[in-house]
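Source file: my_file_1.txt; contents: compact mmCIF, C-alpha atoms.
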# COMPACT_ATOMS: atom_id res chain seq x y z
CA MET A 19 51.57 93.38 148.88
CA LEU A 20 54.69 93.63 146.76
CA PRO A 21 57.43 95.91 148.16
CA ALA A 22 57.84 99.29 146.52
CA ILE A 23 60.55 99.43 143.85
CA ASN A 24 63.06 102.29 143.90
CA VAL A 25 63.25 102.84 140.15
CA LYS A 26 66.22 105.23 140.24
CA ARG A 27 68.26 102.90 142.43
CA THR A 28 67.39 99.91 140.25
CA VAL A 29 68.45 101.72 137.09
CA HIS A 30 71.67 102.80 138.80
CA ILE A 31 72.50 99.22 139.76
CA LEU A 32 71.77 97.97 136.25
CA LEU A 33 74.02 100.64 134.74
CA LEU A 34 76.83 99.72 137.11
CA ALA A 35 76.43 96.07 136.17
CA LEU A 36 76.52 96.94 132.47
CA VAL A 37 79.70 98.99 132.91
CA THR A 38 81.32 96.18 134.89
CA VAL A 39 80.45 93.55 132.26
CA THR A 40 81.61 95.84 129.44
CA ALA A 41 84.91 96.50 131.20
CA SER A 42 85.38 92.80 131.83
CA LEU A 43 84.76 91.96 128.19
CA ALA A 44 87.16 94.72 127.11
CA GLN A 45 89.83 93.28 129.40
CA ASP A 46 89.22 89.77 128.10
CA THR A 47 89.89 90.91 124.52
CA ARG A 48 93.44 91.93 125.42
CA GLN A 49 95.86 89.49 123.89
CA SER A 50 98.73 88.66 126.19
CA PRO A 51 102.12 88.07 124.57
CA GLU A 52 103.00 84.52 123.57
CA VAL A 53 105.71 83.32 125.96
CA TYR A 54 108.81 81.64 124.54
CA PRO A 55 109.13 78.21 126.21
CA GLY A 56 112.14 78.18 128.49
CA THR A 57 114.63 81.03 128.75
CA ILE A 58 117.28 82.63 126.58
CA GLY A 59 120.21 83.43 128.80
CA LEU A 60 122.45 86.46 128.88
CA THR A 61 126.20 86.12 128.57
CA ALA A 62 128.08 88.75 130.57
CA ILE A 63 131.00 89.75 128.38
CA ALA A 64 132.39 92.82 130.16
CA SER A 65 132.07 95.24 133.04
CA LEU A 66 131.13 98.74 131.98
CA PRO A 67 133.68 101.56 132.26
CA LYS A 68 134.02 102.96 135.79
CA SER A 69 132.64 106.33 134.67
CA VAL A 70 129.34 104.65 133.73
CA LYS A 71 127.67 104.06 137.09
CA GLU A 72 124.05 104.32 135.94
CA ALA A 73 124.06 103.14 132.34
CA SER A 74 120.87 104.11 130.55
CA GLY A 75 120.47 103.59 126.83
CA LEU A 76 122.67 101.76 124.35
CA GLU A 77 123.45 102.22 120.66
CA VAL A 78 125.99 101.21 118.05
CA SER A 79 127.41 103.29 115.22
CA GLY A 80 129.57 102.44 112.23
CA SER A 81 132.46 101.09 114.30
CA PRO A 82 132.55 98.14 116.69
CA TYR A 83 132.08 100.54 119.62
CA LEU A 84 128.93 100.94 121.69
CA TRP A 85 127.59 104.19 123.11
CA THR A 86 125.82 104.80 126.40
CA HIS A 87 125.29 107.50 129.04
CA ASN A 88 124.36 107.86 132.69
CA ASP A 89 120.74 108.65 133.46
CA ASP A 90 121.54 111.77 135.50
CA ARG A 91 124.20 114.34 136.42
CA PHE A 92 126.93 114.00 133.76
CA ALA A 93 125.97 115.18 130.24
CA VAL A 94 128.39 112.81 128.52
CA LEU A 95 128.12 110.10 125.88
CA TYR A 96 130.61 107.28 126.42
CA ALA A 97 131.97 104.97 123.73
CA PHE A 98 133.39 101.64 124.85
CA ASP A 99 134.42 98.36 123.28
CA THR A 100 133.12 94.87 124.01
CA LEU A 101 135.89 94.38 126.57
CA GLY A 102 134.55 97.31 128.58
CA ASN A 103 137.38 99.70 127.69
CA LEU A 104 136.41 103.37 127.48
CA VAL A 105 137.53 104.68 124.07
CA LYS A 106 135.85 108.09 123.77
CA ALA A 107 133.76 110.60 125.73
CA ILE A 108 131.70 113.42 124.18
CA HIS A 109 130.18 116.19 126.31
CA LEU A 110 126.80 117.58 125.26
CA ASP A 111 126.07 121.23 125.91
CA TYR A 112 122.79 120.38 127.67
CA PRO A 113 122.08 119.21 131.22
CA ASN A 114 121.54 115.54 131.90
CA HIS A 115 118.03 115.53 133.34
CA GLY A 116 116.63 112.05 133.09
CA TRP A 117 118.49 110.83 130.00
CA GLU A 118 116.93 107.42 129.40
CA ASP A 119 117.62 106.04 125.93
CA LEU A 120 119.59 106.42 122.71
CA THR A 121 118.58 105.77 119.13
CA ARG A 122 120.09 106.34 115.69
CA ASP A 123 118.45 107.29 112.38
CA GLN A 124 119.30 106.11 108.87
CA GLN A 125 121.60 109.10 108.34
CA GLY A 126 123.65 108.26 111.43
CA ASN A 127 122.29 111.01 113.69
CA PHE A 128 121.90 110.12 117.35
CA TYR A 129 118.94 111.06 119.57
CA VAL A 130 119.20 111.29 123.36
CA GLY A 131 115.87 110.91 125.14
CA SER A 132 115.66 113.32 128.08
CA PHE A 133 112.23 112.24 129.26
CA GLY A 134 112.70 110.38 132.55
CA ASN A 135 109.62 111.35 134.55
CA ASN A 136 109.26 109.11 137.61
CA GLN A 137 106.75 111.38 139.33
CA ASN A 138 104.81 112.11 136.12
CA ASP A 139 105.12 115.83 136.85
CA ARG A 140 107.84 116.93 134.43
CA ARG A 141 107.17 119.72 131.93
CA ASN A 142 110.58 120.14 130.22
CA LEU A 143 110.62 116.95 128.15
CA ALA A 144 113.19 116.89 125.36
CA ILE A 145 115.12 114.81 122.85
CA TYR A 146 118.58 116.01 121.78
CA LYS A 147 119.62 115.41 118.18
CA ILE A 148 123.34 115.22 117.43
CA PRO A 149 125.47 114.03 114.50
CA ASP A 150 127.11 110.63 114.76
CA PRO A 151 129.41 111.13 117.78
CA GLU A 152 132.15 109.14 116.08
CA SER A 153 132.39 111.96 113.54
CA VAL A 154 132.98 114.56 116.27
CA LYS A 155 136.63 115.64 116.39
CA GLY A 156 136.59 117.48 119.72
CA HIS A 157 135.14 116.63 123.10
CA VAL A 158 132.09 118.93 123.17
CA ILE A 159 129.09 119.02 120.86
CA ASN A 160 126.08 121.30 120.57
CA GLY A 161 122.97 119.38 119.70
CA GLU A 162 119.55 120.46 118.48
CA ILE A 163 116.46 120.26 120.65
CA ILE A 164 113.17 118.51 120.05
CA SER A 165 111.04 119.71 122.97
CA PHE A 166 107.58 118.33 123.53
CA ASN A 167 104.63 117.71 125.79
CA TYR A 168 102.10 114.87 125.84
CA ALA A 169 98.77 115.80 124.29
CA ASP A 170 96.76 113.78 126.79
CA GLN A 171 98.48 114.97 129.98
CA HIS A 172 96.63 117.80 131.72
CA GLU A 173 97.70 117.38 135.35
CA PHE A 174 101.24 117.34 136.80
CA PRO A 175 101.13 114.80 138.30
CA PRO A 176 97.88 113.16 137.23
CA PRO A 177 95.92 110.80 139.51
CA GLU A 178 97.68 107.49 140.20
CA SER A 179 95.34 105.68 137.83
CA GLN A 180 96.66 107.83 134.92
CA ARG A 181 100.39 107.88 135.67
CA ASN A 182 101.69 106.60 132.36
CA PHE A 183 103.87 109.54 131.30
CA ASP A 184 107.28 108.31 132.42
CA ALA A 185 109.41 106.91 129.58
CA ASP A 186 112.67 104.99 129.19
CA ALA A 187 112.56 103.85 125.55
CA LEU A 188 113.01 105.46 122.14
CA VAL A 189 113.39 104.21 118.56
CA SER A 190 113.84 105.84 115.16
CA ILE A 191 111.86 104.48 112.20
CA GLY A 192 111.76 106.29 108.86
CA ASP A 193 111.39 110.01 109.55
CA SER A 194 109.81 109.58 112.99
CA LEU A 195 110.74 108.94 116.60
CA TYR A 196 108.64 106.67 118.82
CA ILE A 197 108.58 106.95 122.61
CA PHE A 198 107.41 104.00 124.75
CA THR A 199 106.14 104.80 128.22
CA LYS A 200 107.04 103.18 131.53
CA ASN A 201 103.66 102.49 133.07
CA ARG A 202 103.28 103.52 136.75
CA THR A 203 99.49 103.36 136.97
CA VAL A 204 97.81 102.19 140.17
CA PRO A 205 96.00 99.90 139.69
CA PHE A 206 98.41 98.73 137.01
CA THR A 207 96.91 98.60 133.50
CA GLY A 208 99.75 96.79 131.70
CA TYR A 209 99.88 99.16 128.71
CA SER A 210 102.91 100.95 127.32
CA LYS A 211 101.73 104.02 125.43
CA VAL A 212 103.49 104.97 122.20
CA TYR A 213 103.97 108.59 121.16
CA ARG A 214 105.23 109.74 117.78
CA LEU A 215 107.40 112.79 117.06
CA PRO A 216 109.21 114.12 113.98
CA GLN A 217 112.99 114.00 113.88
CA GLU A 218 113.33 117.69 113.12
CA PRO A 219 114.18 120.14 115.94
CA GLY A 220 111.30 122.22 117.21
CA LYS A 221 108.55 122.36 119.81
CA TYR A 222 105.80 119.75 119.49
CA THR A 223 102.79 118.18 121.12
CA ALA A 224 103.27 114.42 121.08
CA VAL A 225 100.01 112.73 120.10
CA LEU A 226 99.24 109.23 121.32
CA HIS A 227 100.02 106.91 118.41
CA ASP A 228 99.42 103.46 119.89
CA SER A 229 99.21 101.45 123.13
CA ILE A 230 100.71 97.99 123.61
CA PHE A 231 99.41 95.57 126.23
CA LEU A 232 102.38 93.70 127.69
CA GLY A 233 100.86 92.02 130.75
CA SER A 234 98.85 92.67 133.88
CA GLY A 235 101.77 92.76 136.32
CA PRO A 236 103.73 92.80 138.54
CA MET A 237 104.47 96.40 137.59
CA MET A 238 108.28 96.35 137.71
CA GLN A 239 108.42 93.22 135.55
CA HIS A 240 106.36 94.96 132.86
CA TRP A 241 108.23 98.25 132.63
CA VAL A 242 109.70 99.05 129.20
CA THR A 243 113.27 100.22 129.88
CA SER A 244 114.76 100.43 126.37
CA ALA A 245 113.90 99.62 122.75
CA ASP A 246 115.44 98.98 119.36
CA VAL A 247 114.44 97.87 115.86
CA SER A 248 116.16 94.98 114.08
CA PRO A 249 118.48 95.84 111.17
CA ASP A 250 115.89 94.66 108.63
CA GLY A 251 113.14 96.70 110.31
CA GLN A 252 110.95 93.64 110.82
CA TRP A 253 111.20 93.31 114.60
CA LEU A 254 110.69 95.72 117.49
CA ALA A 255 112.46 94.71 120.71
CA LEU A 256 111.33 96.08 124.07
CA LEU A 257 113.53 95.47 127.12
CA SER A 258 112.44 94.97 130.72
CA HIS A 259 114.24 93.90 133.89
CA ASP A 260 113.88 90.16 133.26
CA CYS A 261 112.56 89.74 129.71
CA ILE A 262 112.47 91.05 126.16
CA TRP A 263 109.26 91.48 124.18
CA MET A 264 109.63 90.94 120.45
CA ILE A 265 106.99 92.24 118.03
CA LYS A 266 106.69 91.44 114.32
CA ASP A 267 104.16 91.84 111.47
CA PHE A 268 102.97 95.23 112.71
CA GLN A 269 101.11 97.36 110.20
CA GLY A 270 101.94 101.01 109.55
CA HIS A 271 104.02 101.28 112.74
CA LYS A 272 100.98 100.31 114.81
CA PHE A 273 103.00 97.95 116.95
CA SER A 274 99.96 96.64 118.83
CA SER A 275 98.71 95.18 115.53
CA GLY A 276 101.66 92.79 115.39
CA LYS A 277 102.41 89.44 116.92
CA ILE A 278 103.92 89.92 120.40
CA PHE A 279 106.27 87.41 122.03
CA LYS A 280 107.82 87.47 125.49
CA ILE A 281 111.30 86.02 126.01
CA PRO A 282 112.18 85.26 129.66
CA LEU A 283 115.84 85.93 130.38
CA GLY A 284 116.08 84.00 133.63
CA ASP A 285 117.76 86.96 135.32
CA PHE A 286 116.39 90.03 137.11
CA SER A 287 118.47 93.21 137.24
CA HIS A 288 118.09 96.90 136.50
CA LYS A 289 118.46 96.49 132.73
CA THR A 290 118.43 99.86 131.01
CA GLY A 291 119.76 99.63 127.45
CA LEU A 292 119.36 97.36 124.43
CA CYS A 293 120.53 97.45 120.83
CA PHE A 294 120.88 95.05 117.93
CA SER A 295 124.47 94.31 116.94
CA SER A 296 123.45 91.94 114.12
CA PRO A 297 120.19 90.42 112.85
CA ASN A 298 120.32 87.65 115.48
CA LYS A 299 122.17 89.27 118.39
CA VAL A 300 121.49 92.07 120.86
CA PHE A 301 123.59 93.76 123.49
CA VAL A 302 122.11 94.75 126.86
CA VAL A 303 123.47 96.86 129.73
CA ASP A 304 122.31 97.18 133.32
CA GLU A 305 122.92 99.72 136.07
CA LEU A 306 125.49 99.17 138.79
CA GLU A 307 123.55 98.65 142.04
CA PHE A 308 125.12 99.02 145.52
CA GLY A 309 128.54 99.02 143.90
CA ILE A 310 128.48 95.24 143.33
CA LEU A 311 125.41 94.18 141.30
CA GLY A 312 125.07 94.77 137.56
CA GLY A 313 127.13 97.32 135.68
CA LYS A 314 127.68 94.77 132.91
CA LEU A 315 127.51 94.42 129.15
CA TYR A 316 125.64 91.30 128.05
CA ALA A 317 125.26 89.53 124.72
CA ILE A 318 122.08 87.64 123.83
CA ASP A 319 121.83 85.23 120.91
CA LEU A 320 118.24 85.35 119.62
CA SER A 321 118.68 82.57 117.04
CA PRO A 322 116.70 79.99 119.07
CA PHE A 323 113.83 82.43 119.43
CA PHE A 324 113.74 83.24 115.71
CA ARG A 325 113.56 79.53 114.90
CA PHE A 326 110.65 79.20 117.36
CA SER A 327 108.76 82.21 115.97
CA ARG A 328 108.70 81.09 112.33

Before anything else, please render the file you have as structure tokens.
Amino acid sequence: MLPAINVKRTVHILLLALVTVTASLAQDTRQSPEVYPGTIGLTAIASLPKSVKEASGLEVSGSPYLWTHNDDRFAVLYAFDTLGNLVKAIHLDYPNHGWEDLTRDQQGNFYVGSFGNNQNDRRNLAIYKIPDPESVKGHVINGEIISFNYADQHEFPPPESQRNFDADALVSIGDSLYIFTKNRTVPFTGYSKVYRLPQEPGKYTAVLHDSIFLGSGPMMQHWVTSADVSPDGQWLALLSHDCIWMIKDFQGHKFSSGKIFKIPLGDFSHKTGLCFSSPNKVFVVDELEFGILGGKLYAIDLSPFFRFSR
């Protein structure tokens, strides 16, 4: 006699198998970035000013100076030259709560991303819009506020598998701002989510615009810690602790539709800010750790990579 068949259990097992196969196929369709053969090294050209202990974010304006800020405590933008000399400091009339990145629009306005959210439980996310700080005559400036929440976050914090609401990176393209998340999911999914916001002050709900698969781990080596767009608008650069991802040929600001490259830097440190200084060159800063590691300004020549990517 044949054994009795538990139909419900059999159906359940088949459904689980189908879900597993479907998930596996979905994962297999993810296209990992093309890795640049070899490394492109960083050249340390200066130590950061002593007042910049936890550099976070980097931007240039019309002059040869660079701008950065600390990621907590002091609500100050610092301008310094490529020798590391502090040349100007502007105080913003807002608290520094998780300031993570700087970007600049076509009119010269600066945007300070106050969206550091390590625990994924923050509710007061903001971006501060200010005029070009080089045009400021005094030492204090009142900015305008773009406050926002994420449309797909409903728990503070969410379960570990959904913790992808921290962010360290911001760019300005056209009339929009794009935020790139710092993925803290467990298990790690490898995606940086992209949220889009207008550049005008106000209160908004940031809708998920895109998601970019950057790699399956380790987590810390796939965190996006800063971003910038090349002067010609053709390349998006995403910084991490030991690499830069470069994306081109994206359609309609859907960055995941583009060709993604990964450039190993051959160096691991707490890198926190990146900006283009010319079509072929970027500057990078890292945080000062333990009083002795990092705290530097680096120059990176991307010319070898651009020749490779043609």

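Distance check against A:Ser81 using all atoms listed in the file: of A:Pro67, A:Arg48, A:Pro151, A:Leu101, the minimum falls on A:Pro151.
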
Spatial neighbours of A:Thr121, 12 Å, only C-alpha atoms, chain gap at least 5 places, as a PDB file with C-alpha atoms, in the frame of the given file:
ATOM      1  CA  SER A  74     120.870 104.110 130.550  1.00  0.00           C
ATOM      2  CA  GLY A  75     120.470 103.590 126.830  1.00  0.00           C
ATOM      3  CA  LEU A  76     122.670 101.760 124.350  1.00  0.00           C
ATOM      4  CA  GLU A  77     123.450 102.220 120.660  1.00  0.00           C
ATOM      5  CA  VAL A  78     125.990 101.210 118.050  1.00  0.00           C
ATOM      6  CA  SER A  79     127.410 103.290 115.220  1.00  0.00           C
ATOM      7  CA  LEU A  84     128.930 100.940 121.690  1.00  0.00           C
ATOM      8  CA  TRP A  85     127.590 104.190 123.110  1.00  0.00           C
ATOM      9  CA  THR A  86     125.820 104.800 126.400  1.00  0.00           C
ATOM     10  CA  GLY A 126     123.650 108.260 111.430  1.00  0.00           C
ATOM     11  CA  ASN A 127     122.290 111.010 113.690  1.00  0.00           C
ATOM     12  CA  PHE A 128     121.900 110.120 117.350  1.00  0.00           C
ATOM     13  CA  TYR A 129     118.940 111.060 119.570  1.00  0.00           C
ATOM     14  CA  VAL A 130     119.200 111.290 123.360  1.00  0.00           C
ATOM     15  CA  GLY A 131     115.870 110.910 125.140  1.00  0.00           C
ATOM     16  CA  ILE A 145     115.120 114.810 122.850  1.00  0.00           C
ATOM     17  CA  TYR A 146     118.580 116.010 121.780  1.00  0.00           C
ATOM     18  CA  LYS A 147     119.620 115.410 118.180  1.00  0.00           C
ATOM     19  CA  ILE A 148     123.340 115.220 117.430  1.00  0.00           C
ATOM     20  CA  PRO A 149     125.470 114.030 114.500  1.00  0.00           C
ATOM     21  CA  ASP A 150     127.110 110.630 114.760  1.00  0.00           C
ATOM     22  CA  ASP A 186     112.670 104.990 129.190  1.00  0.00           C
ATOM     23  CA  ALA A 187     112.560 103.850 125.550  1.00  0.00           C
ATOM     24  CA  LEU A 188     113.010 105.460 122.140  1.00  0.00           C
ATOM     25  CA  VAL A 189     113.390 104.210 118.560  1.00  0.00           C
ATOM     26  CA  SER A 190     113.840 105.840 115.160  1.00  0.00           C
ATOM     27  CA  ILE A 191     111.860 104.480 112.200  1.00  0.00           C
ATOM     28  CA  SER A 194     109.810 109.580 112.990  1.00  0.00           C
ATOM     29  CA  LEU A 195     110.740 108.940 116.600  1.00  0.00           C
ATOM     30  CA  TYR A 196     108.640 106.670 118.820  1.00  0.00           C
ATOM     31  CA  ILE A 197     108.580 106.950 122.610  1.00  0.00           C
ATOM     32  CA  GLN A 217     112.990 114.000 113.880  1.00  0.00           C
ATOM     33  CA  SER A 244     114.760 100.430 126.370  1.00  0.00           C
ATOM     34  CA  ALA A 245     113.900  99.620 122.750  1.00  0.00           C
ATOM     35  CA  ASP A 246     115.440  98.980 119.360  1.00  0.00           C
ATOM     36  CA  VAL A 247     114.440  97.870 115.860  1.00  0.00           C
ATOM     37  CA  GLY A 291     119.760  99.630 127.450  1.00  0.00           C
ATOM     38  CA  LEU A 292     119.360  97.360 124.430  1.00  0.00           C
ATOM     39  CA  CYS A 293     120.530  97.450 120.830  1.00  0.00           C
ATOM     40  CA  PHE A 294     120.880  95.050 117.930  1.00  0.00           C
TER      41      PHE A 294
END

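Residue nearest A:Leu143 within the list A:Ala224, A:Ala93, A:Val204, A:Cys261: A:Ala224 [criterion: smallest interatomic distance, only C-alpha atoms].
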
| query | Residues at most 9 Å from A:His288, counting all atoms listed in the file, excluding those fewer than 5 positions away in the same chain, as a ChimeraX atom specification? | reply | /A:243,258-260,303-307,312

Filtering to C-alpha atoms, could you give me those residues as a compact mmCIF listing (two decimals), keeping the file's coordinate frame?
# COMPACT_ATOMS: atom_id res chain seq x y z
CA THR A 243 113.27 100.22 129.88
CA SER A 258 112.44 94.97 130.72
CA HIS A 259 114.24 93.90 133.89
CA ASP A 260 113.88 90.16 133.26
CA VAL A 303 123.47 96.86 129.73
CA ASP A 304 122.31 97.18 133.32
CA GLU A 305 122.92 99.72 136.07
CA LEU A 306 125.49 99.17 138.79
CA GLU A 307 123.55 98.65 142.04
CA GLY A 312 125.07 94.77 137.56

| query | Which is closer to A:Ser248 than all the others in A:Lys71, A:Lys299, A:Arg328, A:His115, using only C-alpha atoms? | reply |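 Ranking A:Lys71, A:Lys299, A:Arg328, A:His115 by distance to A:Ser248, first place goes to A:Lys299.
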
Reconstruct stretch 267-290 of chain A at the level of N, CA and C atoms, and format the result as a JSON list (two decimals), in the coordinates of the input.
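That gives us part.json:
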[["chain", "number", "residue", "atom", "x", "y", "z"],
["A", 267, "ASP", "N", 105.37, 91.77, 112.32],
["A", 267, "ASP", "CA", 104.16, 91.84, 111.47],
["A", 267, "ASP", "C", 103.24, 92.99, 111.87],
["A", 268, "PHE", "N", 103.80, 94.07, 112.40],
["A", 268, "PHE", "CA", 102.97, 95.23, 112.71],
["A", 268, "PHE", "C", 102.72, 96.03, 111.45],
["A", 269, "GLN", "N", 101.55, 96.64, 111.39],
["A", 269, "GLN", "CA", 101.11, 97.36, 110.20],
["A", 269, "GLN", "C", 101.19, 98.87, 110.41],
["A", 270, "GLY", "N", 101.89, 99.56, 109.50],
["A", 270, "GLY", "CA", 101.94, 101.01, 109.55],
["A", 270, "GLY", "C", 102.48, 101.55, 110.86],
["A", 271, "HIS", "N", 103.42, 100.86, 111.47],
["A", 271, "HIS", "CA", 104.02, 101.28, 112.74],
["A", 271, "HIS", "C", 103.02, 101.29, 113.89],
["A", 272, "LYS", "N", 101.90, 100.58, 113.71],
["A", 272, "LYS", "CA", 100.98, 100.31, 114.81],
["A", 272, "LYS", "C", 101.46, 99.01, 115.45],
["A", 273, "PHE", "N", 102.32, 99.13, 116.43],
["A", 273, "PHE", "CA", 103.00, 97.95, 116.95],
["A", 273, "PHE", "C", 102.03, 96.98, 117.62],
["A", 274, "SER", "N", 100.94, 97.51, 118.17],
["A", 274, "SER", "CA", 99.96, 96.64, 118.83],
["A", 274, "SER", "C", 99.26, 95.72, 117.84],
["A", 275, "SER", "N", 99.34, 96.02, 116.54],
["A", 275, "SER", "CA", 98.71, 95.18, 115.53],
["A", 275, "SER", "C", 99.54, 93.95, 115.20],
["A", 276, "GLY", "N", 100.77, 93.89, 115.72],
["A", 276, "GLY", "CA", 101.66, 92.79, 115.39],
["A", 276, "GLY", "C", 101.53, 91.62, 116.34],
["A", 277, "LYS", "N", 102.33, 90.62, 116.07],
["A", 277, "LYS", "CA", 102.41, 89.44, 116.92],
["A", 277, "LYS", "C", 103.45, 89.71, 118.00],
["A", 278, "ILE", "N", 103.05, 89.57, 119.27],
["A", 278, "ILE", "CA", 103.92, 89.92, 120.40],
["A", 278, "ILE", "C", 104.37, 88.65, 121.11],
["A", 279, "PHE", "N", 105.67, 88.52, 121.29],
["A", 279, "PHE", "CA", 106.27, 87.41, 122.03],
["A", 279, "PHE", "C", 106.99, 87.96, 123.26],
["A", 280, "LYS", "N", 107.06, 87.13, 124.28],
["A", 280, "LYS", "CA", 107.82, 87.47, 125.49],
["A", 280, "LYS", "C", 108.91, 86.43, 125.69],
["A", 281, "ILE", "N", 110.16, 86.91, 125.81],
["A", 281, "ILE", "CA", 111.30, 86.02, 126.01],
["A", 281, "ILE", "C", 111.80, 86.17, 127.44],
["A", 282, "PRO", "N", 111.59, 85.20, 128.32],
["A", 282, "PRO", "CA", 112.18, 85.26, 129.66],
["A", 282, "PRO", "C", 113.70, 85.14, 129.58],
["A", 283, "LEU", "N", 114.38, 85.95, 130.39],
["A", 283, "LEU", "CA", 115.84, 85.93, 130.38],
["A", 283, "LEU", "C", 116.43, 85.15, 131.55],
["A", 284, "GLY", "N", 115.58, 84.76, 132.50],
["A", 284, "GLY", "CA", 116.08, 84.00, 133.63],
["A", 284, "GLY", "C", 116.99, 84.78, 134.55],
["A", 285, "ASP", "N", 116.88, 86.10, 134.51],
["A", 285, "ASP", "CA", 117.76, 86.96, 135.32],
["A", 285, "ASP", "C", 117.05, 88.28, 135.54],
["A", 286, "PHE", "N", 117.01, 88.75, 136.79],
["A", 286, "PHE", "CA", 116.39, 90.03, 137.11],
["A", 286, "PHE", "C", 117.46, 91.01, 137.56],
["A", 287, "SER", "N", 117.58, 92.13, 136.84],
["A", 287, "SER", "CA", 118.47, 93.21, 137.24],
["A", 287, "SER", "C", 117.93, 94.50, 136.64],
["A", 288, "HIS", "N", 118.55, 95.60, 136.98],
["A", 288, "HIS", "CA", 118.09, 96.90, 136.50],
["A", 288, "HIS", "C", 118.61, 97.12, 135.07],
["A", 289, "LYS", "N", 118.03, 96.39, 134.13],
["A", 289, "LYS", "CA", 118.46, 96.49, 132.73],
["A", 289, "LYS", "C", 117.91, 97.77, 132.12],
["A", 290, "THR", "N", 118.78, 98.49, 131.41],
["A", 290, "THR", "CA", 118.43, 99.86, 131.01],
["A", 290, "THR", "C", 118.76, 100.20, 129.56]]
